[in-house]
Amino acid sequence: MASLEERLDIAERMIRMPSFRQNKGLGNEVGYYVFDYPAEKELVVRDRIEYMKTKNSKATDGFELVVFDLYDIIIDILEQEGFMEQCFMFEKKKGLERIVKSVGNLLQINDDASLIVQYIQERTPQEAVVFLTGIGKCYPLLRSHKVLNNLHQAIDHVPVVMFYPGKYDGQELILFSEIKDDNYYRAFRLVD
């Protein structure tokens, strides 16, 4: 089995290939991918993604690498809506489970018109490869299969790669290699 660094090298080469950006999934839709990795290697993966983003040039590569940290998106939306302080107070009074439900309702996480999906959609250019990061930081506010399901309905012109701190076998997502998220069949493993 390849090391994480070798898998990241392969991933970087793959996204640079024009055929990757034109890749069609089983139903002839643009490809969705999961790059799974051990959660304890989060900082290695973050550094590599930052390196790829810095190195990317649309003029040279033919695409723009767009990185969305889902946690940062949630914080941005809560701040724009003026709900951050209310969230802190609400969590103290009602507990984490209730705040998870309230934030989920605010973000419309279960809807096709999720605020997170809208955020990503509005900021994704035509010629792009989208990287989704921050999944681990979002737990338990956000479930990765929900994001992928909702994005699949909205973004179909560019490939999307979710960097997942856990395991994905092509069907089952297991966050931190311990918490069963849910089944998701539409994504391919980016690198075995």
# chains A, B, ... in the order shown; residues from 1 in each chain; ligands from 1
$ select_by_dssp --residues "region 16-150 of chain A" --states "alpha helix (DSSP H)" --output "PyMOL selection string"
chain A and resi 16+18-21+42-55+58-61+70-80+84-94+96-107+115-122+135-138+144-150
$ closest_atom_pairs --of "region 50-102 of chain A" --to "region 156-160 of chain A" --cutoff "10 Å" --atoms "only C-alpha atoms" --output "JSON lines"
{"residue": "A:Phe63", "atom": "CA", "partner": "A:Val158", "partner_atom": "CA", "distance": 9.8}
{"residue": "A:Val66", "atom": "CA", "partner": "A:Val160", "partner_atom": "CA", "distance": 9.6}
{"residue": "A:Val67", "atom": "CA", "partner": "A:Val160", "partner_atom": "CA", "distance": 9.9}
$ write_last_selection --atoms "all heavy atoms" --output "PDB file, in the first residue's frame"
ATOM      1  N   PHE A  63      -6.917  25.191 -15.251  1.00  0.00           N
ATOM      2  CA  PHE A  63      -8.017  25.170 -14.289  1.00  0.00           C
ATOM      3  C   PHE A  63      -7.583  25.922 -13.036  1.00  0.00           C
ATOM      4  O   PHE A  63      -6.402  26.129 -12.796  1.00  0.00           O
ATOM      5  CB  PHE A  63      -8.400  23.730 -13.909  1.00  0.00           C
ATOM      6  CG  PHE A  63      -7.366  23.011 -13.090  1.00  0.00           C
ATOM      7  CD1 PHE A  63      -7.447  22.984 -11.702  1.00  0.00           C
ATOM      8  CD2 PHE A  63      -6.284  22.368 -13.694  1.00  0.00           C
ATOM      9  CE1 PHE A  63      -6.485  22.331 -10.943  1.00  0.00           C
ATOM     10  CE2 PHE A  63      -5.327  21.716 -12.947  1.00  0.00           C
ATOM     11  CZ  PHE A  63      -5.418  21.695 -11.566  1.00  0.00           C
ATOM     12  N   VAL A  66      -9.835  25.363  -6.402  1.00  0.00           N
ATOM     13  CA  VAL A  66     -10.626  26.111  -5.428  1.00  0.00           C
ATOM     14  C   VAL A  66     -10.787  25.230  -4.188  1.00  0.00           C
ATOM     15  O   VAL A  66     -11.306  24.119  -4.291  1.00  0.00           O
ATOM     16  CB  VAL A  66     -12.007  26.490  -5.998  1.00  0.00           C
ATOM     17  CG1 VAL A  66     -12.750  27.389  -5.039  1.00  0.00           C
ATOM     18  CG2 VAL A  66     -11.871  27.145  -7.358  1.00  0.00           C
ATOM     19  N   VAL A  67     -10.322  25.736  -3.048  1.00  0.00           N
ATOM     20  CA  VAL A  67     -10.369  24.968  -1.809  1.00  0.00           C
ATOM     21  C   VAL A  67     -11.409  25.599  -0.884  1.00  0.00           C
ATOM     22  O   VAL A  67     -11.340  26.793  -0.578  1.00  0.00           O
ATOM     23  CB  VAL A  67      -8.986  24.943  -1.116  1.00  0.00           C
ATOM     24  CG1 VAL A  67      -9.048  24.144   0.180  1.00  0.00           C
ATOM     25  CG2 VAL A  67      -7.920  24.381  -2.058  1.00  0.00           C
TER      26      VAL A  67
END
$ residues_around --residues "Gln118 (chain A)" --least-positions-apart "3" --cutoff "12 Å" --atoms "only C-alpha atoms" --output "ChimeraX atom specification"
/A:73-74,77,107-109,111-115,121-124,147,150-151,153-155
$ atom_distance --atom1 "CA of His145 (chain A)" --atom2 "CA of Glu64 (chain A)"
24.7 Å
$ residues_around --residues "region 44-57 of chain A" --least-positions-apart "5" --cutoff "9 Å" --atoms "only C-alpha atoms" --output "list in words"
Leu4, Glu5, Leu8, Glu12, Tyr37, Gly62, Phe63, Glu64, Leu65, Val66, Val67, Phe131, Thr133 and Phe163 of chain A
$ closest_residue --among "A:Gly104, A:Phe68, A:Val34, A:Arg21" --to "Tyr168 (chain A)" --atoms "only C-alpha atoms"
A:Val34
$ atom_distance --atom1 "CA of Phe35 (chain A)" --atom2 "CA of Leu190 (chain A)"
5.3 Å
$ atom_distance --atom1 "CA of Arg143 (chain A)" --atom2 "CA of Asn110 (chain A)"
9.9 Å
$ closest_atom_pairs --of "region 4-109 of chain A" --to "region 175-179 of chain A" --cutoff "9 Å" --atoms "only C-alpha atoms" --output "CSV"
residue,atom,partner,partner_atom,distance
A:Tyr37,CA,A:Phe176,CA,8.9
A:Pro38,CA,A:Phe176,CA,7.1
A:Ala39,CA,A:Phe176,CA,5.5
A:Glu40,CA,A:Phe176,CA,8.5
$ select_by_dssp --residues "region 48-178 of chain A" --states "strand (DSSP E)" --output "list in words"
Glu64, Leu65, Val66, Val67, Phe68, Asp69, Ala128, Val129, Val130, Phe131, Leu132, Thr133, Val160, Val161, Met162, Phe163, Tyr164, Pro165, Gly166, Lys167, Tyr168, Glu172, Leu173, Ile174 and Leu175 of chain A
$ closest_residue --among "A:Ala59, A:Pro18, A:Leu141, A:Leu148" --to "Ile75 (chain A)" --atoms "only C-alpha atoms"
A:Leu141
$ residues_around --residues "Gly170 (chain A)" --least-positions-apart "6" --cutoff "7 Å" --atoms "only C-alpha atoms" --output "JSON, numbers by chain"
{"A": [185, 187, 188, 189]}
$ write_last_selection --atoms "N, CA, C and O atoms" --output "mmCIF file, in the first residue's frame"
data_model
loop_
_atom_site.group_PDB
_atom_site.id
_atom_site.type_symbol
_atom_site.label_atom_id
_atom_site.label_comp_id
_atom_site.auth_asym_id
_atom_site.auth_seq_id
_atom_site.Cartn_x
_atom_site.Cartn_y
_atom_site.Cartn_z
ATOM 1 N N TYR A 185 -22.555 6.306 -2.379
ATOM 2 C CA TYR A 185 -22.150 5.471 -3.515
ATOM 3 C C TYR A 185 -21.709 6.259 -4.739
ATOM 4 O O TYR A 185 -21.190 5.677 -5.667
ATOM 5 N N ALA A 187 -19.468 8.661 -5.137
ATOM 6 C CA ALA A 187 -18.073 9.133 -5.217
ATOM 7 C C ALA A 187 -17.126 7.962 -5.422
ATOM 8 O O ALA A 187 -17.381 6.846 -4.993
ATOM 9 N N PHE A 188 -16.028 8.267 -6.089
ATOM 10 C CA PHE A 188 -14.965 7.296 -6.292
ATOM 11 C C PHE A 188 -13.843 7.619 -5.323
ATOM 12 O O PHE A 188 -13.635 8.774 -5.000
ATOM 13 N N ARG A 189 -13.097 6.616 -4.903
ATOM 14 C CA ARG A 189 -11.874 6.894 -4.150
ATOM 15 C C ARG A 189 -10.894 7.520 -5.136
ATOM 16 O O ARG A 189 -10.702 6.994 -6.222
#
$ residues_around --residues "Phe83 (chain A)" --least-positions-apart "3" --cutoff "12 Å" --atoms "only C-alpha atoms" --output "list in words"
Ile74, Ile75, Asp76, Ile77, Leu78, Glu79, Gln80, Gln86, Cys87, Phe88, Met89, Phe90, Glu91, Ile99, Ser102, Val103, Leu106 and Leu107 of chain A
$ residues_around --residues "Ser144 (chain A)" --least-positions-apart "6" --cutoff "10 Å" --atoms "only C-alpha atoms" --output "ChimeraX atom specification"
/A:70,132,135-136,138,162,164,173-175,181-182,184
